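Asker: What follows is a structure written as structure tokens; I'll ask about it next.
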Amino acid sequence: MKRFRRLRMQDELRNSIKENHLLKSDLITPIFVIEGENIKNATDAMPDLYRYSLDRLEEELTELRDRGLFKILLFGVPDHKDARGTMAYAAEGIVQTAIKQIKAFDARFYIITDICLCQYTDHGHCGILDDLGEVVNDESAKLMAAIALSHVHAGADMVAPSDMMDGRIAAIRERLDAEGFTYIPILSYSLKYCSNYYGPFRAIADSKPQFGSRDHYQMDYHNSRQALEIANEDLAQGADLIMVKPAMLYLDIVKTIRQSISAPVVVYNVSGEYALLLKGIEQGLVNEAIVYETMIGFKRAGADLIITYFSKWLVDKNLVS
Ligand code: PBG
Ligand code: ZN
């Protein structure tokens with residue numbers, strides 16, 4: 001019999017042979033900016049996650065900077081919505097304006113922007129629709145390229161398309177390259193499942209589809225066999241980093257991808273995962289170290305970076321190095 005407990009018995013040794021660690025630099029924090037003035041409001045499901053109007057955004061940026069959290073994922077909540085989501089690629093749109101403001105406040109912020117139409121369309125779908133109400137692929141992919149370009153023009157450091165149109169990575173890469181932005185990386189939401197865990201996000205981003213669901217374009221959670229093929233296709237089209245979303249139930253996908261590609265893998269610990277964990281802690285069902293264990297689970301499965309609403313919380317609880 002081998003005595004495995006020999007390596008576990010003393011803190012000094014056990015602590016020095018941990019295979020995985022959680023660092024501040026692993027974390028990406030989502031930020032929501034909303035049109036209007038003097039707004040800092042939240043939604044029921046995520047009471048401590050705020051949407052900021054631009055005149056109050058510095059409050060959030062200061063909190064992040066004080067904690068040494070500099071990587072952000074930016075989402076916009078526009079006033080005006082229409083069939084083609086025109087405010088998503090307007091030069092003076094909410095996200096484009098926010099990017100400039102954030103960079104002016106502190107250029108150390110590394111700004112990743114979510115590229116999608118669902119917050120900006122009146123029907124709430126991630127692309128534009130044909131007469132039958134089906135999301136049109138190729139034309140929507142072209143609009144993603146227009147959104148990406150407008151963000152990069154404003155100063156975004158990385159773009160992250162979440163729409164799930166086929167060919168969007170190539171469309172974005174070509175457009176950015178043609179405009180001279182050859183060094184802007186693309187983080188593809190490659191493995192984005194059609195998940196019930198996005199509920200709280202859709203409330204805070206005001207991006208719920210007005211009819212139907214996203215199952216014609218997001219992945220079917222019954223499946224895993226296509227995952228590697230999709231990741232490879234995105235890499236071939238020019239993606240630099242590959243995302244798996246949601247995170248907690250999808251570690252099988254993370255591991256498969258990690259073992260087969262060399263690009264960095266990013267997980268998105270989504271709104272429903274966050275809300276459930278936080279409510280469980282608040283109600284005393286589980287203790288707060290559960291969040292750290294969850295993050296380590298992501299790392300153990302092979303994630304390089306973690307997008308999470310818990311980033312400030314992890315720093316405040318001293319759960320991150
Ligand atoms: C937009 C988008 C969504 C999320 C990120 N970008 C929602 C969706 O696809 O409906 C979900 C994030 C979360 O739940 O935290 N396409
Ligand atoms: Zn969308």
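Going by the structure tokens order, chains are called A, B, ..., each with residues numbered from 1, while ligands are numbered from 1 in the order shown.
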Applying 10 Å and only C-alpha atoms, which residues near segment 137-147 of chain A remain after dropping the ones on its own chain fewer than 4 positions away? List them as a PyMOL selection string.

Answerer: chain A and resi 84-91+95-96+113-117+126-130+151-153+159-176+217

Asker: Excluding segment 300-304 of chain A and any residue of its chain fewer than 4 positions from it, enumerate the residues within 12 Å of it, using only C-alpha atoms, and give them as a PyMOL selection string.

Answerer: chain A and resi 18-28+241-245+247-269+293-296

Asker: Collect all residues with atoms no farther than 10 Å from ligand 1, counting only C-alpha atoms and all ligand atoms, and output them as a ChimeraX atom specification.

Answerer: /A:30,73-75,113-119,124-127,160-164,189,192-209,213-214,217-218,245-246,268-275,307-309

Asker: Just list as a list in words whatever in segment 138-316 of chain A DSSP marks as strand (DSSP E or B).

Answerer: Met158, Val159, Ala160, Pro161, Ile186, Leu187, Ser188, Tyr189, Ser190, Leu191, Lys192, Tyr193, Met219, Leu241, Ile242, Met243, Val244, Lys245, Val265, Val266, Val267, Tyr268, Asn269, Leu305, Ile306, Ile307 and Thr308 of chain A

Asker: Calculated over only C-alpha atoms and all ligand atoms, which of the candidates A:Thr121, A:Gln283, A:Asn15, A:Thr182 has the smallest distance to ligand 2?

Answerer: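 Closest candidate: A:Thr121.
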
Asker: Could you pull out all residues of segment 233-312 of chain A with a DSSP call of helix (DSSP H, G or I) and give them as a PyMOL selection string?

Answerer: chain A and resi 233-237+248-260+271-282+289-301+311-312

Asker: Do you know which residues are at most 8 Å from Arg67 of chain A counting only C-alpha atoms, after dropping those on the same chain fewer than 4 positions away, and could you put them as an mmCIF file with all heavy atoms, in the first residue's frame?

Answerer:
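Once everything was written out, this is result20.cif:
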data_model
loop_
_atom_site.group_PDB
_atom_site.id
_atom_site.type_symbol
_atom_site.label_atom_id
_atom_site.label_comp_id
_atom_site.auth_asym_id
_atom_site.auth_seq_id
_atom_site.Cartn_x
_atom_site.Cartn_y
_atom_site.Cartn_z
ATOM 1 N N GLU A 63 -12.744 51.177 -8.047
ATOM 2 C CA GLU A 63 -12.810 49.949 -7.241
ATOM 3 C C GLU A 63 -11.958 48.840 -7.846
ATOM 4 O O GLU A 63 -11.309 48.075 -7.133
ATOM 5 C CB GLU A 63 -14.264 49.465 -7.113
ATOM 6 C CG GLU A 63 -15.099 50.337 -6.194
ATOM 7 C CD GLU A 63 -16.461 49.713 -5.885
ATOM 8 O OE1 GLU A 63 -16.654 48.516 -6.188
ATOM 9 O OE2 GLU A 63 -17.314 50.437 -5.349
ATOM 10 N N LYS A 312 -13.893 41.154 -7.851
ATOM 11 C CA LYS A 312 -13.664 42.075 -6.725
ATOM 12 C C LYS A 312 -13.870 41.354 -5.391
ATOM 13 O O LYS A 312 -13.109 41.536 -4.445
ATOM 14 C CB LYS A 312 -14.650 43.259 -6.794
ATOM 15 C CG LYS A 312 -14.252 44.311 -7.808
ATOM 16 C CD LYS A 312 -15.084 45.582 -7.645
ATOM 17 C CE LYS A 312 -16.538 45.350 -8.038
ATOM 18 N NZ LYS A 312 -17.340 46.585 -7.963
ATOM 19 N N VAL A 315 -10.932 39.249 -4.365
ATOM 20 C CA VAL A 315 -9.837 40.062 -3.824
ATOM 21 C C VAL A 315 -10.184 40.486 -2.387
ATOM 22 O O VAL A 315 -9.362 40.362 -1.471
ATOM 23 C CB VAL A 315 -9.585 41.300 -4.704
ATOM 24 C CG1 VAL A 315 -8.539 42.221 -4.070
ATOM 25 C CG2 VAL A 315 -9.129 40.878 -6.105
#

Asker: From the options A:Gly284, A:Gly180, A:Gly155, A:Gly76, which residue's atoms come nearest to ligand 2, counting only C-alpha atoms and all ligand atoms?

Answerer: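 That would be A:Gly76, the residue with the smallest distance to ligand 2.
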
Asker: Calculate how many Å separate atom CA of Phe181 of chain A from atom CA of Val77 of chain A, rounding to one decimal.

Answerer: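 Atom-to-atom, atom CA of Phe181 of chain A to atom CA of Val77 of chain A, that is 25.8 Å.
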
Asker: Given the choices A:Ile112, A:Tyr120, A:Ile306, A:Thr97, which gets closest to ligand 2 if the distance is worked out from only C-alpha atoms and all ligand atoms?

Answerer: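 Using only C-alpha atoms and all ligand atoms, ligand 2 sits closest to A:Tyr120.
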
Asker: Please determine, counting only C-alpha atoms, which residue among A:Arg3, A:Glu288, A:Ala148, A:Asp11 has the shortest atom-to-atom distance to Glu179 of chain A.

Answerer: A:Ala148

Asker: Work out how far apart atom CA of Leu278 of chain A and atom CA of Tyr221 of chain A are and give it in Å to one decimal.

Answerer: 24.1 Å

Asker: Compile the contact shell of Leu49 of chain A as a ChimeraX atom specification: residues with an atom at most 9 Å away, counting only C-alpha atoms, same-chain residues fewer than 2 positions apart removed.

Answerer: /A:31-32,41-43,46-47,51,204,309

Asker: When distances are computed from only C-alpha atoms and all ligand atoms, which of A:Asp220, A:Asp131, A:Asp215, A:Glu282 shows the smallest separation from ligand 2?

Answerer: A:Asp215

Asker: What separation in Å, quoted to one decimal, exists between atom CA of Leu13 of chain A and atom CA of Ser311 of chain A?

Answerer: 28.2 Å
